[in-house]
Amino acid sequence: MRPVLRIVNRVLIGVVGLVLLVFGGSVLAVGLGAKPPSWWIYDGRHDVLLSAARRTRWRSDGWWWPTVLAALAVLVLLALWWLVAVLRRRRLTEVSVRTGDGEGALLRGRALEGVLAGDAGDLDGVAHAHVRLAGTRTAPRPASSSAWNRTWTPVPPSTT
């Protein structure tokens, strides 16, 4: 996961958790009999969060429903973007390797990528190699197949 996405996830989860904790805790406390502050959105144990007057207050204004629908659409699109970004794996974290004794072993994906890049970089005519694995744990594949199929112009060996 990229560092920016990791930071966004932590901040988003923290803010949502804090909001849920404050509002959920306050509703629970008032439901159990605690006296709410004077500025709070409802007055007591048997009061509703949104009265009929509050729910229908802006209904006759022409800007109300387009604004509500646009805000909800933006929230849904942001939530979908976040979900896709979190669920999409950019590289393998582990690779399952057969060891020959019937057990198998798990290798870190980045370690295997480093070894493959190092081996490719040691070949004649290769100045620098970068490998990124994708696929599944049992069937890794290169993240970009076009890089493996590309025709490379060989670099002449140095004469030092």
# chains A, B, ... in the order shown; residues from 1 in each chain; ligands from 1
$ residues_around --residues "Ala129 (chain A)" --least-positions-apart "4" --cutoff "10 Å" --atoms "only C-alpha atoms" --output "list in words"
Gly114, Leu116, Ala117, Gly118, Asp119, Ala120, Gly121, Asp122 and Leu123 of chain A
$ write_last_selection --atoms "N, CA, C and O atoms" --output "PDB file, in the first residue's frame"
ATOM      1  N   GLY A 114      13.589  -8.419  -5.064  1.00  0.00           N
ATOM      2  CA  GLY A 114      14.963  -7.936  -4.963  1.00  0.00           C
ATOM      3  C   GLY A 114      15.973  -8.931  -5.512  1.00  0.00           C
ATOM      4  O   GLY A 114      16.935  -8.568  -6.194  1.00  0.00           O
ATOM      5  N   LEU A 116      15.364 -11.332  -7.795  1.00  0.00           N
ATOM      6  CA  LEU A 116      15.205 -11.395  -9.248  1.00  0.00           C
ATOM      7  C   LEU A 116      15.808 -10.177  -9.934  1.00  0.00           C
ATOM      8  O   LEU A 116      16.460 -10.300 -10.978  1.00  0.00           O
ATOM      9  N   ALA A 117      15.616  -9.001  -9.350  1.00  0.00           N
ATOM     10  CA  ALA A 117      16.199  -7.789  -9.934  1.00  0.00           C
ATOM     11  C   ALA A 117      17.721  -7.833  -9.860  1.00  0.00           C
ATOM     12  O   ALA A 117      18.412  -7.418 -10.803  1.00  0.00           O
ATOM     13  N   GLY A 118      18.248  -8.331  -8.757  1.00  0.00           N
ATOM     14  CA  GLY A 118      19.704  -8.446  -8.634  1.00  0.00           C
ATOM     15  C   GLY A 118      20.283  -9.420  -9.631  1.00  0.00           C
ATOM     16  O   GLY A 118      21.327  -9.158 -10.249  1.00  0.00           O
ATOM     17  N   ASP A 119      19.633 -10.568  -9.819  1.00  0.00           N
ATOM     18  CA  ASP A 119      20.103 -11.539 -10.809  1.00  0.00           C
ATOM     19  C   ASP A 119      20.019 -10.979 -12.226  1.00  0.00           C
ATOM     20  O   ASP A 119      20.930 -11.176 -13.031  1.00  0.00           O
ATOM     21  N   ALA A 120      18.944 -10.285 -12.531  1.00  0.00           N
ATOM     22  CA  ALA A 120      18.817  -9.693 -13.866  1.00  0.00           C
ATOM     23  C   ALA A 120      19.833  -8.581 -14.066  1.00  0.00           C
ATOM     24  O   ALA A 120      20.368  -8.408 -15.159  1.00  0.00           O
ATOM     25  N   GLY A 121      20.127  -7.815 -13.003  1.00  0.00           N
ATOM     26  CA  GLY A 121      21.096  -6.735 -13.113  1.00  0.00           C
ATOM     27  C   GLY A 121      22.518  -7.232 -13.298  1.00  0.00           C
ATOM     28  O   GLY A 121      23.379  -6.509 -13.794  1.00  0.00           O
ATOM     29  N   ASP A 122      22.792  -8.477 -12.892  1.00  0.00           N
ATOM     30  CA  ASP A 122      24.129  -9.046 -13.045  1.00  0.00           C
ATOM     31  C   ASP A 122      24.399  -9.561 -14.451  1.00  0.00           C
ATOM     32  O   ASP A 122      25.541  -9.871 -14.788  1.00  0.00           O
ATOM     33  N   LEU A 123      23.367  -9.645 -15.287  1.00  0.00           N
ATOM     34  CA  LEU A 123      23.564 -10.127 -16.652  1.00  0.00           C
ATOM     35  C   LEU A 123      24.302  -9.091 -17.479  1.00  0.00           C
ATOM     36  O   LEU A 123      24.206  -7.885 -17.231  1.00  0.00           O
TER      37      LEU A 123
END
$ select_by_dssp --residues "chain A" --states "alpha helix (DSSP H)" --output "PyMOL selection string"
chain A and resi 3-31+52-55+64-87+109-121+145-149
$ residues_around --residues "region 105-112 of chain A" --least-positions-apart "3" --cutoff "10 Å" --atoms "only C-alpha atoms" --output "CSV table (one decimal) with N, CA and C atoms, in the first residue's frame"
chain,number,residue,atom,x,y,z
A,91,ARG,N,1.1,-5.4,-5.4
A,91,ARG,CA,2.1,-6.4,-5.5
A,91,ARG,C,1.9,-7.5,-4.5
A,92,LEU,N,2.6,-8.5,-4.7
A,92,LEU,CA,2.4,-9.7,-3.8
A,92,LEU,C,3.1,-9.4,-2.5
A,93,THR,N,2.5,-9.8,-1.4
A,93,THR,CA,3.2,-9.7,-0.1
A,93,THR,C,3.9,-11.0,0.2
A,94,GLU,N,3.4,-12.1,-0.2
A,94,GLU,CA,4.0,-13.4,0.1
A,94,GLU,C,3.9,-14.3,-1.2
A,95,VAL,N,4.9,-15.2,-1.4
A,95,VAL,CA,5.0,-16.1,-2.5
A,95,VAL,C,5.2,-17.5,-1.9
A,96,SER,N,4.3,-18.4,-2.2
A,96,SER,CA,4.5,-19.8,-1.8
A,96,SER,C,5.4,-20.6,-2.7
A,97,VAL,N,6.4,-21.2,-2.1
A,97,VAL,CA,7.4,-21.9,-2.9
A,97,VAL,C,7.4,-23.4,-2.5
A,98,ARG,N,7.5,-24.3,-3.4
A,98,ARG,CA,7.6,-25.7,-3.1
A,98,ARG,C,9.1,-26.0,-2.7
A,99,THR,N,9.3,-26.7,-1.6
A,99,THR,CA,10.6,-27.0,-1.2
A,99,THR,C,11.1,-28.4,-1.5
A,100,GLY,N,10.2,-29.2,-2.0
A,100,GLY,CA,10.5,-30.6,-2.4
A,100,GLY,C,10.2,-31.6,-1.3
A,102,GLY,N,7.5,-31.6,0.5
A,102,GLY,CA,6.0,-31.7,0.7
A,102,GLY,C,5.5,-30.6,1.6
A,115,VAL,N,15.8,-10.2,-5.2
A,115,VAL,CA,16.7,-11.3,-5.7
A,115,VAL,C,16.6,-11.3,-7.2
A,116,LEU,N,15.4,-11.3,-7.8
A,116,LEU,CA,15.2,-11.4,-9.2
A,116,LEU,C,15.8,-10.2,-9.9
A,117,ALA,N,15.6,-9.0,-9.3
A,117,ALA,CA,16.2,-7.8,-9.9
A,117,ALA,C,17.7,-7.8,-9.9
A,118,GLY,N,18.2,-8.3,-8.8
A,118,GLY,CA,19.7,-8.4,-8.6
A,118,GLY,C,20.3,-9.4,-9.6
A,131,VAL,N,12.0,-5.3,-10.7
A,131,VAL,CA,11.0,-6.4,-10.8
A,131,VAL,C,9.8,-6.1,-9.8
A,132,ARG,N,8.6,-6.3,-10.3
A,132,ARG,CA,7.4,-6.2,-9.5
A,132,ARG,C,6.5,-7.3,-9.8
A,133,LEU,N,6.2,-8.1,-8.7
A,133,LEU,CA,5.4,-9.3,-8.9
A,133,LEU,C,3.9,-9.0,-8.6
A,134,ALA,N,3.1,-9.7,-9.4
A,134,ALA,CA,1.6,-9.6,-9.1
A,134,ALA,C,1.1,-11.0,-9.2
A,137,ARG,N,-0.4,-16.0,-4.6
A,137,ARG,CA,0.7,-16.5,-3.9
A,137,ARG,C,1.3,-17.8,-4.5
A,138,THR,N,0.5,-18.6,-5.1
A,138,THR,CA,1.0,-19.8,-5.7
A,138,THR,C,1.3,-19.7,-7.2
A,140,PRO,N,2.8,-16.6,-9.0
A,140,PRO,CA,3.3,-15.2,-9.3
A,140,PRO,C,3.5,-14.9,-10.7
$ select_by_dssp --residues "region 78-114 of chain A" --states "strand (DSSP E or B)" --output "PyMOL selection string"
chain A and resi 94-97+105-108
$ write_last_selection --atoms "N, CA and C atoms" --output "tab-separated table (two decimals), in the first residue's frame"
chain	number	residue	atom	x	y	z
A	94	GLU	N	3.39	-12.14	-0.19
A	94	GLU	CA	4.02	-13.43	0.06
A	94	GLU	C	3.94	-14.29	-1.20
A	95	VAL	N	4.94	-15.16	-1.35
A	95	VAL	CA	4.96	-16.11	-2.46
A	95	VAL	C	5.19	-17.49	-1.87
A	96	SER	N	4.33	-18.42	-2.24
A	96	SER	CA	4.45	-19.80	-1.76
A	96	SER	C	5.39	-20.55	-2.70
A	97	VAL	N	6.41	-21.21	-2.13
A	97	VAL	CA	7.41	-21.91	-2.92
A	97	VAL	C	7.45	-23.36	-2.47
A	105	ALA	N	7.31	-23.34	1.51
A	105	ALA	CA	7.80	-22.19	2.29
A	105	ALA	C	7.15	-20.93	1.76
A	106	LEU	N	7.07	-19.93	2.63
A	106	LEU	CA	6.54	-18.62	2.24
A	106	LEU	C	7.70	-17.63	2.18
A	107	LEU	N	7.84	-16.97	1.05
A	107	LEU	CA	8.86	-15.93	0.89
A	107	LEU	C	8.17	-14.58	0.85
A	108	ARG	N	8.84	-13.58	1.38
A	108	ARG	CA	8.31	-12.23	1.24
A	108	ARG	C	8.41	-11.83	-0.23
$ residues_around --residues "region 54-58 of chain A" --least-positions-apart "4" --cutoff "12 Å" --atoms "only C-alpha atoms" --output "PyMOL selection string"
chain A and resi 41-42+48-50+62-68
$ atom_distance --atom1 "CA of Arg6 (chain A)" --atom2 "CA of Leu77 (chain A)"
19.0 Å
